[in-house]
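> Dropping in entry37.txt, which is compact mmCIF, C-alpha atoms and all ligand atoms:
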# COMPACT_ATOMS: atom_id res chain seq x y z
CA MET A 6 196.01 38.27 158.87
CA VAL A 7 193.23 38.58 156.32
CA SER A 8 190.79 41.45 156.74
CA HIS A 9 187.46 40.28 158.18
CA SER A 10 185.64 43.14 156.54
CA ALA A 11 186.61 42.03 153.05
CA ASP A 12 183.94 40.28 151.08
CA HIS A 13 186.57 37.69 150.43
CA TYR A 14 186.90 36.49 153.98
CA LEU A 15 185.91 32.86 154.42
CA ARG A 16 184.94 31.88 157.96
CA LEU A 17 186.14 28.64 159.49
CA GLY A 18 183.60 26.85 161.63
CA VAL A 19 185.19 24.09 163.67
CA ASN A 20 183.02 21.07 164.41
CA ILE A 21 183.98 19.63 167.80
CA ASP A 22 181.72 16.55 167.75
CA HIS A 23 184.57 14.10 167.55
CA VAL A 24 186.38 15.46 170.57
CA ALA A 25 183.25 14.27 172.36
CA THR A 26 183.42 10.95 170.48
CA ILE A 27 186.85 10.31 172.01
CA ARG A 28 185.68 11.43 175.44
CA ASN A 29 182.66 9.14 175.26
CA ALA A 30 184.80 6.13 174.31
CA ARG A 31 185.80 6.04 177.97
CA GLY A 32 183.09 8.08 179.66
CA GLY A 33 184.17 10.85 182.01
CA TRP A 34 185.25 14.32 180.96
CA HIS A 35 188.43 14.01 178.92
CA PRO A 36 188.99 15.27 176.27
CA ASP A 37 186.56 18.12 176.87
CA PRO A 38 184.94 19.47 173.66
CA VAL A 39 184.34 22.81 175.35
CA ARG A 40 188.08 23.16 175.94
CA ALA A 41 188.57 22.43 172.23
CA ALA A 42 186.04 25.15 171.40
CA ILE A 43 187.88 27.66 173.57
CA LEU A 44 191.21 26.74 171.92
CA ALA A 45 189.63 27.02 168.47
CA ALA A 46 189.83 30.82 168.68
CA ASP A 47 193.65 30.49 168.80
CA GLY A 48 193.51 28.24 165.76
CA GLY A 49 191.75 30.91 163.70
CA ALA A 50 188.23 29.55 163.99
CA ASP A 51 185.39 32.00 163.57
CA GLY A 52 182.71 29.77 165.01
CA ILE A 53 181.96 26.43 166.60
CA THR A 54 179.65 23.77 165.22
CA ALA A 55 178.20 21.01 167.36
CA HIS A 56 175.63 18.38 166.43
CA LEU A 57 173.41 17.16 169.26
CA ARG A 58 172.27 13.86 167.84
CA GLU A 59 169.09 12.18 168.95
CA ASP A 60 171.12 9.26 170.38
CA ARG A 61 173.67 11.63 172.06
CA ARG A 62 176.51 9.54 170.67
CA HIS A 63 178.98 12.43 170.92
CA ILE A 64 177.83 15.90 171.99
CA SER A 65 175.64 15.94 175.11
CA ASP A 66 173.00 18.37 176.38
CA ILE A 67 175.47 19.63 178.99
CA ASP A 68 178.04 20.34 176.25
CA ILE A 69 175.54 22.57 174.47
CA ALA A 70 174.76 24.49 177.65
CA ARG A 71 178.48 24.90 178.40
CA LEU A 72 179.27 25.98 174.83
CA ARG A 73 176.84 28.87 175.28
CA GLN A 74 178.11 29.79 178.75
CA GLU A 75 181.87 29.33 178.40
CA VAL A 76 182.72 30.00 174.75
CA SER A 77 182.69 33.40 173.11
CA LEU A 78 182.75 32.17 169.50
CA PRO A 79 179.35 31.97 167.82
CA LEU A 80 177.63 28.57 167.96
CA ASN A 81 176.16 26.82 164.95
CA PHE A 82 173.85 24.20 166.46
CA GLU A 83 173.30 21.22 164.18
CA MET A 84 169.94 19.62 164.75
CA ALA A 85 167.39 17.27 163.28
CA ALA A 86 163.95 18.74 162.61
CA THR A 87 162.31 17.32 165.74
CA ASP A 88 160.37 18.99 168.54
CA GLU A 89 162.96 17.91 171.11
CA MET A 90 165.79 19.62 169.21
CA LEU A 91 163.68 22.69 168.52
CA ASP A 92 163.04 23.11 172.27
CA ILE A 93 166.77 22.80 172.98
CA ALA A 94 167.61 25.36 170.29
CA LEU A 95 165.01 27.80 171.63
CA THR A 96 166.40 27.34 175.16
CA HIS A 97 170.05 27.96 174.29
CA LYS A 98 169.56 30.36 171.41
CA PRO A 99 172.62 29.52 169.30
CA ASN A 100 173.68 32.08 166.69
CA ALA A 101 172.60 29.68 163.97
CA ALA A 102 170.80 26.38 163.75
CA CYS A 103 171.73 24.07 160.91
CA ILE A 104 168.98 21.56 160.19
CA VAL A 105 170.37 18.23 159.05
CA PRO A 106 168.78 14.91 158.18
CA GLU A 107 169.40 12.31 160.83
CA LYS A 108 169.18 8.55 160.70
CA ARG A 109 169.90 6.61 163.84
CA GLU A 110 171.94 3.90 162.12
CA GLU A 111 174.20 6.18 160.03
CA VAL A 112 177.86 6.69 160.95
CA THR A 113 177.72 10.36 159.92
CA THR A 114 175.30 12.68 158.11
CA GLU A 115 175.10 10.80 154.85
CA GLY A 116 173.23 13.10 152.53
CA GLY A 117 171.62 16.49 152.44
CA LEU A 118 168.21 17.38 153.78
CA ASN A 119 165.32 16.83 151.37
CA VAL A 120 163.99 20.37 151.52
CA HIS A 121 162.20 20.03 148.19
CA GLY A 122 160.11 17.10 149.40
CA GLY A 123 159.96 18.12 153.06
CA GLN A 124 158.80 21.73 152.97
CA GLU A 125 155.60 21.04 154.89
CA HIS A 126 157.46 19.39 157.74
CA LEU A 127 160.31 21.91 157.83
CA LYS A 128 158.40 25.16 157.64
CA ARG A 129 157.39 25.30 161.32
CA TYR A 130 161.00 24.73 162.42
CA VAL A 131 162.36 27.42 160.13
CA HIS A 132 159.66 29.83 161.27
CA GLU A 133 160.08 29.23 165.02
CA LEU A 134 163.87 29.45 164.91
CA LYS A 135 163.73 32.68 162.93
CA GLN A 136 161.12 34.11 165.31
CA SER A 137 163.69 33.54 168.06
CA LYS A 138 166.33 35.41 166.04
CA ILE A 139 168.32 32.24 165.36
CA ARG A 140 169.72 32.19 161.83
CA VAL A 141 168.50 29.13 159.98
CA SER A 142 170.81 27.03 157.85
CA LEU A 143 169.76 23.97 155.84
CA PHE A 144 172.32 21.29 155.02
CA ILE A 145 171.63 20.20 151.45
CA ASP A 146 173.14 18.50 148.45
CA ALA A 147 174.35 20.77 145.66
CA ASP A 148 171.12 20.68 143.70
CA GLU A 149 169.06 23.51 142.19
CA LYS A 150 165.75 22.01 143.31
CA GLN A 151 166.93 21.90 146.93
CA LEU A 152 168.27 25.45 146.71
CA ASP A 153 165.00 26.76 145.28
CA ALA A 154 163.09 25.05 148.07
CA ALA A 155 165.45 26.40 150.75
CA ALA A 156 165.01 29.94 149.44
CA ALA A 157 161.23 29.52 149.26
CA LEU A 158 161.17 28.35 152.88
CA GLY A 159 162.98 31.51 153.99
CA ALA A 160 166.25 29.90 155.13
CA ASP A 161 169.01 32.42 155.77
CA ILE A 162 171.82 30.05 154.89
CA VAL A 163 172.40 26.79 153.08
CA GLU A 164 175.36 24.56 153.74
CA LEU A 165 176.36 22.51 150.71
CA HIS A 166 177.30 18.89 151.44
CA THR A 167 180.88 18.35 150.23
CA GLY A 168 180.99 14.68 151.29
CA ALA A 169 180.66 13.15 147.80
CA TYR A 170 183.42 15.42 146.46
CA CYS A 171 185.74 14.49 149.32
CA GLU A 172 184.96 10.80 148.95
CA ALA A 173 185.77 10.94 145.22
CA HIS A 174 189.09 12.56 146.13
CA GLU A 175 189.84 9.83 148.65
CA GLN A 176 189.04 7.15 146.09
CA ARG A 177 191.35 8.91 143.61
CA ASN A 178 188.48 9.09 141.13
CA ALA A 179 189.48 12.24 139.27
CA ASP A 180 186.44 12.32 136.97
CA LEU A 181 183.97 12.00 139.80
CA ARG A 182 185.93 14.52 141.89
CA ALA A 183 185.72 17.04 139.02
CA LYS A 184 182.01 16.33 138.53
CA GLU A 185 181.19 16.77 142.23
CA LEU A 186 183.27 19.93 142.42
CA ALA A 187 181.45 21.33 139.38
CA ARG A 188 178.13 20.64 141.12
CA ILE A 189 179.28 22.50 144.24
CA THR A 190 180.65 25.35 142.12
CA HIS A 191 177.38 25.75 140.25
CA ALA A 192 175.27 25.44 143.39
CA SER A 193 177.23 28.05 145.29
CA SER A 194 176.69 30.63 142.59
CA TYR A 195 173.07 29.60 141.98
CA GLY A 196 172.24 29.74 145.71
CA HIS A 197 173.99 33.07 146.10
CA GLY A 198 171.86 34.37 143.25
CA LEU A 199 168.76 33.37 145.22
CA GLY A 200 169.95 35.53 148.12
CA LEU A 201 171.08 32.65 150.33
CA GLU A 202 174.26 32.89 152.41
CA MET A 203 176.38 30.02 151.15
CA HIS A 204 178.34 27.66 153.41
CA ALA A 205 179.88 24.25 152.72
CA GLY A 206 181.24 21.33 154.66
CA HIS A 207 181.62 17.64 155.37
CA GLY A 208 184.73 15.53 154.90
CA LEU A 209 187.05 18.45 154.07
CA THR A 210 190.79 17.90 154.56
CA PHE A 211 194.04 19.75 153.82
CA ASP A 212 193.95 18.15 150.35
CA THR A 213 190.36 19.01 149.47
CA VAL A 214 189.80 22.39 151.11
CA LYS A 215 191.47 24.67 148.58
CA ASP A 216 189.27 23.82 145.58
CA VAL A 217 186.22 24.62 147.66
CA ALA A 218 187.67 27.64 149.45
CA VAL A 219 188.25 29.43 146.15
CA LEU A 220 184.54 29.59 145.40
CA PRO A 221 183.82 33.29 145.82
CA GLU A 222 180.21 32.98 146.98
CA LEU A 223 181.07 30.83 149.99
CA ARG A 224 181.16 32.58 153.34
CA GLU A 225 181.91 29.68 155.69
CA LEU A 226 183.33 26.18 155.77
CA ASN A 227 182.52 23.77 158.59
CA ILE A 228 185.23 21.21 159.27
CA GLY A 229 185.47 18.69 162.09
CA HIS A 230 186.53 15.08 161.79
CA PHE A 231 189.75 15.70 159.89
CA LEU A 232 190.89 18.46 162.28
CA VAL A 233 190.27 16.31 165.35
CA GLY A 234 192.11 13.42 163.69
CA GLU A 235 194.99 15.62 162.61
CA ALA A 236 195.23 16.99 166.14
CA ILE A 237 196.73 13.60 167.09
CA PHE A 238 199.69 14.35 164.83
CA LEU A 239 200.00 18.14 164.78
CA GLY A 240 198.08 19.27 167.85
CA LEU A 241 194.63 20.84 167.67
CA VAL A 242 195.60 24.49 167.34
CA PRO A 243 198.34 23.91 164.70
CA ALA A 244 195.93 21.71 162.69
CA MET A 245 193.34 24.49 162.68
CA GLN A 246 196.00 27.09 161.90
CA LYS A 247 197.17 25.08 158.91
CA MET A 248 193.59 24.75 157.63
CA ARG A 249 193.12 28.51 158.13
CA VAL A 250 196.30 29.23 156.11
CA LEU A 251 195.14 26.99 153.25
CA MET A 252 191.76 28.73 153.21
CA ASN A 253 193.38 32.16 153.21
CA GLN A 254 195.78 31.16 150.42
CA ALA A 255 192.93 29.85 148.28
CA ARG A 256 191.02 33.07 148.84
CA ALA A 257 194.05 35.25 148.02
CA GLU A 258 194.85 33.28 144.87
CA ALA A 259 191.24 33.49 143.72
CA GLY A 260 191.27 37.23 144.38
CA GLU A 261 194.43 37.70 142.33
CA ALA A 262 193.01 35.63 139.47
CA ALA A 263 189.75 37.62 139.40
N1 LIG A 301 178.58 20.28 158.31
C1 LIG A 301 177.58 19.47 158.66
C2 LIG A 301 176.18 19.93 158.44
C3 LIG A 301 177.83 18.22 159.28
O1 LIG A 301 176.82 17.41 159.61
C4 LIG A 301 179.17 17.87 159.54
C5 LIG A 301 179.47 16.59 160.23
O2 LIG A 301 178.87 16.55 161.47
C6 LIG A 301 180.18 18.77 159.16
C7 LIG A 301 179.86 19.96 158.52
C8 LIG A 301 181.61 18.48 159.41
O3 LIG A 301 182.00 17.34 158.70
P1 LIG A 301 183.38 16.67 159.02
O4 LIG A 301 183.35 16.27 160.44
O5 LIG A 301 183.42 15.52 158.07
O6 LIG A 301 184.44 17.70 158.74
Step by step, read the file and then write its structure as structure tokens.
Ligand code: PXP


Amino acid sequence: MVSHSADHYLRLGVNIDHVATIRNARGGWHPDPVRAAILAADGGADGITAHLREDRRHISDIDIARLRQEVSLPLNFEMAATDEMLDIALTHKPNAACIVPEKREEVTTEGGLNVHGGQEHLKRYVHELKQSKIRVSLFIDADEKQLDAAAALGADIVELHTGAYCEAHEQRNADLRAKELARITHASSYGHGLGLEMHAGHGLTFDTVKDVAVLPELRELNIGHFLVGEAIFLGLVPAMQKMRVLMNQARAEAGEAA
């Protein structure tokens, strides 16, 4: 087991949205995302992420209430910057709130939040969440302008969108993969230099996690869809355990190389 006190420890946040997607395909209660969140501790997760979308396509309001009542792991509440979501966050007081862009018609969160162009709109949300002692995270593309804006707004954390990197990997486009990884690498050190706590996530798999997990400034990865999919083959806890091992190995190898 890796020491949690070491600066090198990289937290695993497990996103349970797609357990709810499967549940909602039939209605009813099975499979229960809260049960997945409870099991996540056995899989080596350090936190749970759940996105309450405006259209409630996966996670529901009751899930959020139950995650706070029944799960001891910290909750990272993903939310759009709307008054409805702000009220829900202030009611349940998650450990962190990650503000994401949200478009009704998208299949998943397609790009990062435009913090640079949206400061005026975002500032009240950041302020009210922080007033309530909820750590504020902004989900952004790996871009200096967005990082500068996030720091200026007083965000505690930024989560770098790894979707384009993972997509390039899936398309076997080595040049684009390297380019996207270089952007994430630069952004994680640039953001860290601004005093932001650096997280990353979206689309990560067993094949893509290591190159991101080695980045020394990162403190947390949030991973969901792949783990829930892989649970069909390996089981949920073994899938998380395998991800945890890969993250730990990447961290150890980076430490040895340093
Ligand atoms: N981080 C954020 C901010 C997200 O919106 C998502 C997807 O909901 C994830 C991480 C997890 O992405 P994935 O499900 O592709 O692993």

> Could you put an axis-aligned box around every listed atom of ligand LIG 301 (chain A), padded by 8 Å on each side, and send me its centre and edge lengths in Å to one decimal, as lines of an AutoDock Vina configuration file?


center_x = 180.3
center_y = 17.9
center_z = 159.8
size_x = 24.3
size_y = 20.8
size_z = 19.4

> Please identify the residues whose atoms come within 9 Å of ligand LIG 301 (chain A), using only C-alpha atoms and all ligand atoms, and report them as a PDB file with C-alpha atoms, in the frame of the given file.


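Saved to out-v6.pdb:
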ATOM      1  CA  GLY A  18     183.600  26.850 161.630  1.00  0.00           C
ATOM      2  CA  VAL A  19     185.190  24.090 163.670  1.00  0.00           C
ATOM      3  CA  ASN A  20     183.020  21.070 164.410  1.00  0.00           C
ATOM      4  CA  ILE A  21     183.980  19.630 167.800  1.00  0.00           C
ATOM      5  CA  ASP A  22     181.720  16.550 167.750  1.00  0.00           C
ATOM      6  CA  HIS A  23     184.570  14.100 167.550  1.00  0.00           C
ATOM      7  CA  THR A  54     179.650  23.770 165.220  1.00  0.00           C
ATOM      8  CA  ALA A  55     178.200  21.010 167.360  1.00  0.00           C
ATOM      9  CA  HIS A  56     175.630  18.380 166.430  1.00  0.00           C
ATOM     10  CA  GLU A  83     173.300  21.220 164.180  1.00  0.00           C
ATOM     11  CA  MET A  84     169.940  19.620 164.750  1.00  0.00           C
ATOM     12  CA  CYS A 103     171.730  24.070 160.910  1.00  0.00           C
ATOM     13  CA  ILE A 104     168.980  21.560 160.190  1.00  0.00           C
ATOM     14  CA  VAL A 105     170.370  18.230 159.050  1.00  0.00           C
ATOM     15  CA  PRO A 106     168.780  14.910 158.180  1.00  0.00           C
ATOM     16  CA  THR A 113     177.720  10.360 159.920  1.00  0.00           C
ATOM     17  CA  THR A 114     175.300  12.680 158.110  1.00  0.00           C
ATOM     18  CA  GLU A 115     175.100  10.800 154.850  1.00  0.00           C
ATOM     19  CA  GLY A 117     171.620  16.490 152.440  1.00  0.00           C
ATOM     20  CA  SER A 142     170.810  27.030 157.850  1.00  0.00           C
ATOM     21  CA  LEU A 143     169.760  23.970 155.840  1.00  0.00           C
ATOM     22  CA  PHE A 144     172.320  21.290 155.020  1.00  0.00           C
ATOM     23  CA  ILE A 145     171.630  20.200 151.450  1.00  0.00           C
ATOM     24  CA  GLU A 164     175.360  24.560 153.740  1.00  0.00           C
ATOM     25  CA  LEU A 165     176.360  22.510 150.710  1.00  0.00           C
ATOM     26  CA  HIS A 166     177.300  18.890 151.440  1.00  0.00           C
ATOM     27  CA  THR A 167     180.880  18.350 150.230  1.00  0.00           C
ATOM     28  CA  GLY A 168     180.990  14.680 151.290  1.00  0.00           C
ATOM     29  CA  HIS A 204     178.340  27.660 153.410  1.00  0.00           C
ATOM     30  CA  ALA A 205     179.880  24.250 152.720  1.00  0.00           C
ATOM     31  CA  GLY A 206     181.240  21.330 154.660  1.00  0.00           C
ATOM     32  CA  HIS A 207     181.620  17.640 155.370  1.00  0.00           C
ATOM     33  CA  GLY A 208     184.730  15.530 154.900  1.00  0.00           C
ATOM     34  CA  LEU A 209     187.050  18.450 154.070  1.00  0.00           C
ATOM     35  CA  THR A 210     190.790  17.900 154.560  1.00  0.00           C
ATOM     36  CA  LEU A 226     183.330  26.180 155.770  1.00  0.00           C
ATOM     37  CA  ASN A 227     182.520  23.770 158.590  1.00  0.00           C
ATOM     38  CA  ILE A 228     185.230  21.210 159.270  1.00  0.00           C
ATOM     39  CA  GLY A 229     185.470  18.690 162.090  1.00  0.00           C
ATOM     40  CA  HIS A 230     186.530  15.080 161.790  1.00  0.00           C
ATOM     41  CA  PHE A 231     189.750  15.700 159.890  1.00  0.00           C
ATOM     42  CA  LEU A 232     190.890  18.460 162.280  1.00  0.00           C
ATOM     43  CA  VAL A 233     190.270  16.310 165.350  1.00  0.00           C
TER      44      VAL A 233
END

> Measure the distance from CA of Asp47 in chain A to CA of Asp212 in chain A in Å and round it to one decimal.

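CA of Asp212 in chain A lies 22.2 Å from CA of Asp47 in chain A.
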
> Counting all atoms listed in the file, figure out which residue out of A:Leu223, A:Ala236, A:Leu134, A:Leu201 gets nearest to Asp92 in chain A.

A:Leu134

> From the options A:Thr213, A:Leu127, A:Asn253, A:Gly198, which residue's atoms come nearest to Arg177 in chain A, counting all atoms listed in the file?

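Among the listed residues, A:Thr213 lies closest to Arg177 in chain A.
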
> So which one's closest to Glu258 in chain A, A:Ala156, A:Tyr170, A:Ala218, A:Ile139? Using only C-alpha atoms, please.

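Of A:Ala156, A:Tyr170, A:Ala218, A:Ile139, the one nearest Glu258 in chain A is A:Ala218, counting only C-alpha atoms.
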
> So how far away is CA of Leu186 in chain A from CA of Val217 in chain A, in Å?

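CA of Val217 in chain A sits 7.6 Å away from CA of Leu186 in chain A.
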
> Nearest to Leu251 in chain A: which of A:Ala263, A:Lys98, A:Asp216, A:Glu225 is it, counting all atoms listed in the file?

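Residue with the minimum atom-to-atom distance to Leu251 in chain A: A:Asp216.
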
> Quick one: of A:Ala30, A:Val120, A:Ile189, A:Val39, who's nearest to Gln74 in chain A, counting all atoms listed in the file?

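When distances to Gln74 in chain A are compared using all atoms listed in the file, the smallest one comes from A:Val39.
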
> Determine the nearest neighbour of Leu158 in chain A from the options A:Gly196, A:Lys128, A:Glu175, A:Lys135, counting only C-alpha atoms.

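Using only C-alpha atoms, Leu158 in chain A sits closest to A:Lys128.
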
> Please list as a list in words every residue within 12 Å of Ala187 in chain A, counting all atoms listed in the file and excluding residues in the same chain fewer than 3 positions away.

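Near neighbours after the sequence-gap exclusion: Ala147, Asp148, Thr167, Ala169, Tyr170, Asp180, Leu181, Arg182, Ala183, Lys184, Thr190, His191, Ala192, Ser193, Ser194, Asp216, Val217 and Leu220 of chain A.
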
> Restricting the output to C-alpha atoms, write the selected residues as a CSV table (one decimal), in the frame of the given file.


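To be explicit, this is the file written out as again.csv:
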chain,number,residue,atom,x,y,z
A,147,ALA,CA,174.4,20.8,145.7
A,148,ASP,CA,171.1,20.7,143.7
A,167,THR,CA,180.9,18.4,150.2
A,169,ALA,CA,180.7,13.2,147.8
A,170,TYR,CA,183.4,15.4,146.5
A,180,ASP,CA,186.4,12.3,137.0
A,181,LEU,CA,184.0,12.0,139.8
A,182,ARG,CA,185.9,14.5,141.9
A,183,ALA,CA,185.7,17.0,139.0
A,184,LYS,CA,182.0,16.3,138.5
A,190,THR,CA,180.6,25.4,142.1
A,191,HIS,CA,177.4,25.8,140.2
A,192,ALA,CA,175.3,25.4,143.4
A,193,SER,CA,177.2,28.0,145.3
A,194,SER,CA,176.7,30.6,142.6
A,216,ASP,CA,189.3,23.8,145.6
A,217,VAL,CA,186.2,24.6,147.7
A,220,LEU,CA,184.5,29.6,145.4

> For Asp37 in chain A, find every residue with an atom within 9 Å (counting only C-alpha atoms), except residues of its own chain fewer than 6 positions away, and show them as number ranges by chain.

A: 24-25, 28, 68

> Could you please determine the separation between CA of Asp88 in chain A and CA of Asp51 in chain A in Å, to one decimal place?

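A separation of 28.6 Å between them.
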